[in-house]
file final.pdb (PDB, C-alpha atoms)
ATOM      1  CA  MET A 788     115.922 116.853  91.303  1.00  0.00           C
ATOM      2  CA  PHE A 789     117.678 115.688  88.129  1.00  0.00           C
ATOM      3  CA  PRO A 790     118.689 118.658  85.939  1.00  0.00           C
ATOM      4  CA  TYR A 791     118.923 118.219  82.170  1.00  0.00           C
ATOM      5  CA  THR A 792     118.463 120.087  78.878  1.00  0.00           C
ATOM      6  CA  ALA A 793     115.196 119.617  76.978  1.00  0.00           C
ATOM      7  CA  THR A 794     115.299 117.726  73.690  1.00  0.00           C
ATOM      8  CA  GLU A 795     112.647 117.534  70.985  1.00  0.00           C
ATOM      9  CA  LYS A 796     111.352 114.384  72.700  1.00  0.00           C
ATOM     10  CA  ASP A 797     110.419 116.515  75.726  1.00  0.00           C
ATOM     11  CA  CYS A 798     108.434 118.910  73.540  1.00  0.00           C
ATOM     12  CA  VAL A 799     105.925 116.627  71.797  1.00  0.00           C
ATOM     13  CA  ASP A 800     102.143 116.886  72.140  1.00  0.00           C
ATOM     14  CA  SER A 801     102.272 120.461  73.454  1.00  0.00           C
ATOM     15  CA  ALA A 802     103.990 119.334  76.673  1.00  0.00           C
ATOM     16  CA  GLU A 803     104.081 122.199  79.138  1.00  0.00           C
ATOM     17  CA  CYS A 804     105.444 123.170  82.526  1.00  0.00           C
ATOM     18  CA  THR A 805     102.578 122.894  85.001  1.00  0.00           C
ATOM     19  CA  ILE A 806     104.003 125.740  87.072  1.00  0.00           C
ATOM     20  CA  CYS A 807     104.256 128.493  84.424  1.00  0.00           C
ATOM     21  CA  LEU A 808     102.018 126.801  81.799  1.00  0.00           C
ATOM     22  CA  GLU A 809     104.504 127.524  78.994  1.00  0.00           C
ATOM     23  CA  GLU A 810     105.348 124.799  76.480  1.00  0.00           C
ATOM     24  CA  PHE A 811     108.744 123.141  76.694  1.00  0.00           C
ATOM     25  CA  GLU A 812     111.255 124.062  73.990  1.00  0.00           C
ATOM     26  CA  PRO A 813     114.414 122.193  72.940  1.00  0.00           C
ATOM     27  CA  GLY A 814     117.564 123.498  74.613  1.00  0.00           C
ATOM     28  CA  VAL A 815     115.810 124.887  77.706  1.00  0.00           C
ATOM     29  CA  ALA A 816     117.059 123.947  81.188  1.00  0.00           C
ATOM     30  CA  MET A 817     114.699 121.389  82.725  1.00  0.00           C
ATOM     31  CA  ALA A 818     114.478 119.268  85.866  1.00  0.00           C
ATOM     32  CA  ARG A 819     112.804 115.942  86.628  1.00  0.00           C
ATOM     33  CA  LEU A 820     111.698 114.961  90.128  1.00  0.00           C
ATOM     34  CA  GLU A 821     111.736 111.512  91.750  1.00  0.00           C
ATOM     35  CA  CYS A 822     108.044 111.132  90.831  1.00  0.00           C
ATOM     36  CA  LEU A 823     109.103 111.674  87.155  1.00  0.00           C
ATOM     37  CA  CYS A 824     107.286 115.021  86.842  1.00  0.00           C
ATOM     38  CA  ARG A 825     109.259 117.535  84.779  1.00  0.00           C
ATOM     39  CA  PHE A 826     109.394 121.310  84.878  1.00  0.00           C
ATOM     40  CA  HIS A 827     111.502 124.227  83.702  1.00  0.00           C
ATOM     41  CA  ARG A 828     114.480 124.221  86.055  1.00  0.00           C
ATOM     42  CA  ALA A 829     113.905 127.878  87.039  1.00  0.00           C
ATOM     43  CA  CYS A 830     110.221 127.182  87.802  1.00  0.00           C
ATOM     44  CA  ILE A 831     110.802 124.189  90.071  1.00  0.00           C
ATOM     45  CA  SER A 832     113.744 125.902  91.793  1.00  0.00           C
ATOM     46  CA  ALA A 833     111.534 128.892  92.650  1.00  0.00           C
ATOM     47  CA  TRP A 834     108.734 126.519  93.760  1.00  0.00           C
ATOM     48  CA  TRP A 835     111.102 124.646  96.078  1.00  0.00           C
ATOM     49  CA  GLU A 836     112.089 127.899  97.806  1.00  0.00           C
ATOM     50  CA  ARG A 837     108.494 128.146  99.072  1.00  0.00           C
ATOM     51  CA  HIS A 838     107.678 124.408  99.228  1.00  0.00           C
ATOM     52  CA  PRO A 839     110.953 122.530  99.891  1.00  0.00           C
ATOM     53  CA  GLY A 840     111.071 119.076  98.298  1.00  0.00           C
ATOM     54  CA  ARG A 841     107.384 119.001  97.288  1.00  0.00           C
ATOM     55  CA  CYS A 842     106.098 118.162  93.818  1.00  0.00           C
ATOM     56  CA  PRO A 843     103.599 120.793  92.562  1.00  0.00           C
ATOM     57  CA  MET A 844     101.539 118.063  90.912  1.00  0.00           C
ATOM     58  CA  HIS A 845     101.511 115.434  93.647  1.00  0.00           C
ATOM     59  CA  GLN A 846     101.982 117.689  96.705  1.00  0.00           C
ATOM     60  CA  HIS A 847     104.252 115.194  98.412  1.00  0.00           C
ATOM     61  CA  ASP A 848     107.931 115.083  99.137  1.00  0.00           C
ATOM     62  CA  GLY A 849     110.457 112.362  98.404  1.00  0.00           C
ATOM     63  CA  PHE A 850     109.382 110.545 101.578  1.00  0.00           C
ATOM     64  CA  GLY A 851     105.699 110.323 100.552  1.00  0.00           C
ATOM     65  CA  TYR A 852     104.424 113.054 102.898  1.00  0.00           C
TER      66      TYR A 852
END
call {"tool": "encode", "arguments": {"input": "final.pdb", "output": "structure tokens"}}
result
Amino acid sequence: MFPYTATEKDCVDSAECTICLEEFEPGVAMARLECLCRFHRACISAWWERHPGRCPMHQHDGFGY
């Protein structure tokens, strides 16, 4: 997981977190996975507590399983 802060570029075209379904806003803590999916950092952290290392969109881990 690569943590970063959202910029206006992350918020175009009504981009939203597919976990909470809220739109991204500049200045919010975000995280990008190896598959390049991005989420609110709090959302993906909570997801990983229940599904360690798995992408909510692709349902695989960093090893392809």
call {"tool": "residues_around", "arguments": {"input": "final.pdb", "residues": "range 840-846 of chain A", "least_positions_apart": "5", "cutoff": "12 Å", "atoms": "only C-alpha atoms", "output": "list of chain:residue names"}}
result
A:Met788, A:Cys804, A:Thr805, A:Ile806, A:Cys807, A:Ala818, A:Arg819, A:Leu820, A:Glu821, A:Cys822, A:Leu823, A:Cys824, A:Arg825, A:Phe826, A:Cys830, A:Ile831, A:Ser832, A:Ala833, A:Trp834, A:Trp835, A:Gly851, A:Tyr852
call {"tool": "resolve_selection", "arguments": {"input": "final.pdb", "expression": "the PyMOL selection byres ((chain A and resi 811) around 8)", "output": "MDAnalysis selection string"}}
result
chainID A and resid 793 797:798 801:804 809:810 812:813 815 827
call {"tool": "resolve_selection", "arguments": {"input": "final.pdb", "expression": "the PyMOL selection byres ((chain A and resi 790) around 6)", "output": "ChimeraX atom specification"}}
result
/A:789,791,817-818
call {"tool": "write_last_selection", "arguments": {"input": "final.pdb", "atoms": "C-alpha atoms", "output": "compact mmCIF listing (two decimals), in the frame of the given file"}}
result
# COMPACT_ATOMS: atom_id res chain seq x y z
CA PHE A 789 117.68 115.69 88.13
CA TYR A 791 118.92 118.22 82.17
CA MET A 817 114.70 121.39 82.72
CA ALA A 818 114.48 119.27 85.87
call {"tool": "decode", "arguments": {"input": "final.pdb", "residues": "range 817-842 of chain A", "atoms": "N, CA and C atoms", "output": "compact mmCIF listing (two decimals), in the first residue's frame"}}
result
# COMPACT_ATOMS: atom_id res chain seq x y z
N MET A 817 -5.17 9.11 1.32
CA MET A 817 -5.52 8.07 0.35
C MET A 817 -4.43 6.99 0.37
N ALA A 818 -4.73 5.88 -0.32
CA ALA A 818 -3.74 4.82 -0.49
C ALA A 818 -3.96 4.16 -1.84
N ARG A 819 -2.86 3.80 -2.49
CA ARG A 819 -2.91 3.11 -3.78
C ARG A 819 -2.29 1.73 -3.59
N LEU A 820 -2.92 0.72 -4.17
CA LEU A 820 -2.42 -0.65 -4.07
C LEU A 820 -1.52 -0.97 -5.25
N GLU A 821 -0.88 -2.13 -5.22
CA GLU A 821 0.01 -2.56 -6.30
C GLU A 821 -0.73 -2.66 -7.63
N CYS A 822 -2.03 -2.95 -7.58
CA CYS A 822 -2.83 -3.07 -8.81
C CYS A 822 -3.27 -1.69 -9.32
N LEU A 823 -2.86 -0.62 -8.63
CA LEU A 823 -3.14 0.78 -8.95
C LEU A 823 -4.54 1.24 -8.55
N CYS A 824 -5.31 0.40 -7.86
CA CYS A 824 -6.60 0.83 -7.32
C CYS A 824 -6.33 1.80 -6.18
N ARG A 825 -7.21 2.77 -5.99
CA ARG A 825 -7.01 3.75 -4.92
C ARG A 825 -8.27 3.86 -4.08
N PHE A 826 -8.05 4.13 -2.80
CA PHE A 826 -9.11 4.17 -1.81
C PHE A 826 -8.77 5.22 -0.76
N HIS A 827 -9.77 5.60 0.05
CA HIS A 827 -9.46 6.37 1.25
C HIS A 827 -8.58 5.48 2.12
N ARG A 828 -7.56 6.05 2.72
CA ARG A 828 -6.63 5.25 3.51
C ARG A 828 -7.35 4.54 4.66
N ALA A 829 -8.29 5.22 5.33
CA ALA A 829 -9.02 4.59 6.43
C ALA A 829 -9.87 3.41 5.93
N CYS A 830 -10.46 3.55 4.74
CA CYS A 830 -11.30 2.48 4.19
C CYS A 830 -10.49 1.24 3.87
N ILE A 831 -9.36 1.39 3.18
CA ILE A 831 -8.58 0.22 2.80
C ILE A 831 -7.89 -0.39 4.03
N SER A 832 -7.53 0.42 5.00
CA SER A 832 -6.93 -0.12 6.23
C SER A 832 -7.94 -1.00 6.96
N ALA A 833 -9.19 -0.53 7.07
CA ALA A 833 -10.23 -1.33 7.72
C ALA A 833 -10.52 -2.60 6.91
N TRP A 834 -10.52 -2.49 5.58
CA TRP A 834 -10.75 -3.65 4.71
C TRP A 834 -9.67 -4.71 4.93
N TRP A 835 -8.42 -4.25 5.01
CA TRP A 835 -7.30 -5.18 5.16
C TRP A 835 -7.30 -5.88 6.51
N GLU A 836 -7.97 -5.33 7.52
CA GLU A 836 -8.08 -6.03 8.79
C GLU A 836 -8.88 -7.32 8.62
N ARG A 837 -9.88 -7.29 7.75
CA ARG A 837 -10.73 -8.46 7.51
C ARG A 837 -10.26 -9.30 6.33
N HIS A 838 -9.57 -8.67 5.37
CA HIS A 838 -9.12 -9.35 4.15
C HIS A 838 -7.66 -8.97 3.88
N PRO A 839 -6.73 -9.47 4.66
CA PRO A 839 -5.32 -9.03 4.56
C PRO A 839 -4.74 -9.12 3.15
N GLY A 840 -4.24 -7.98 2.66
CA GLY A 840 -3.54 -7.93 1.38
C GLY A 840 -4.39 -8.05 0.14
N ARG A 841 -5.71 -8.13 0.27
CA ARG A 841 -6.58 -8.32 -0.91
C ARG A 841 -7.17 -7.00 -1.39
N CYS A 842 -7.22 -6.84 -2.70
CA CYS A 842 -7.84 -5.67 -3.31
C CYS A 842 -9.36 -5.89 -3.33
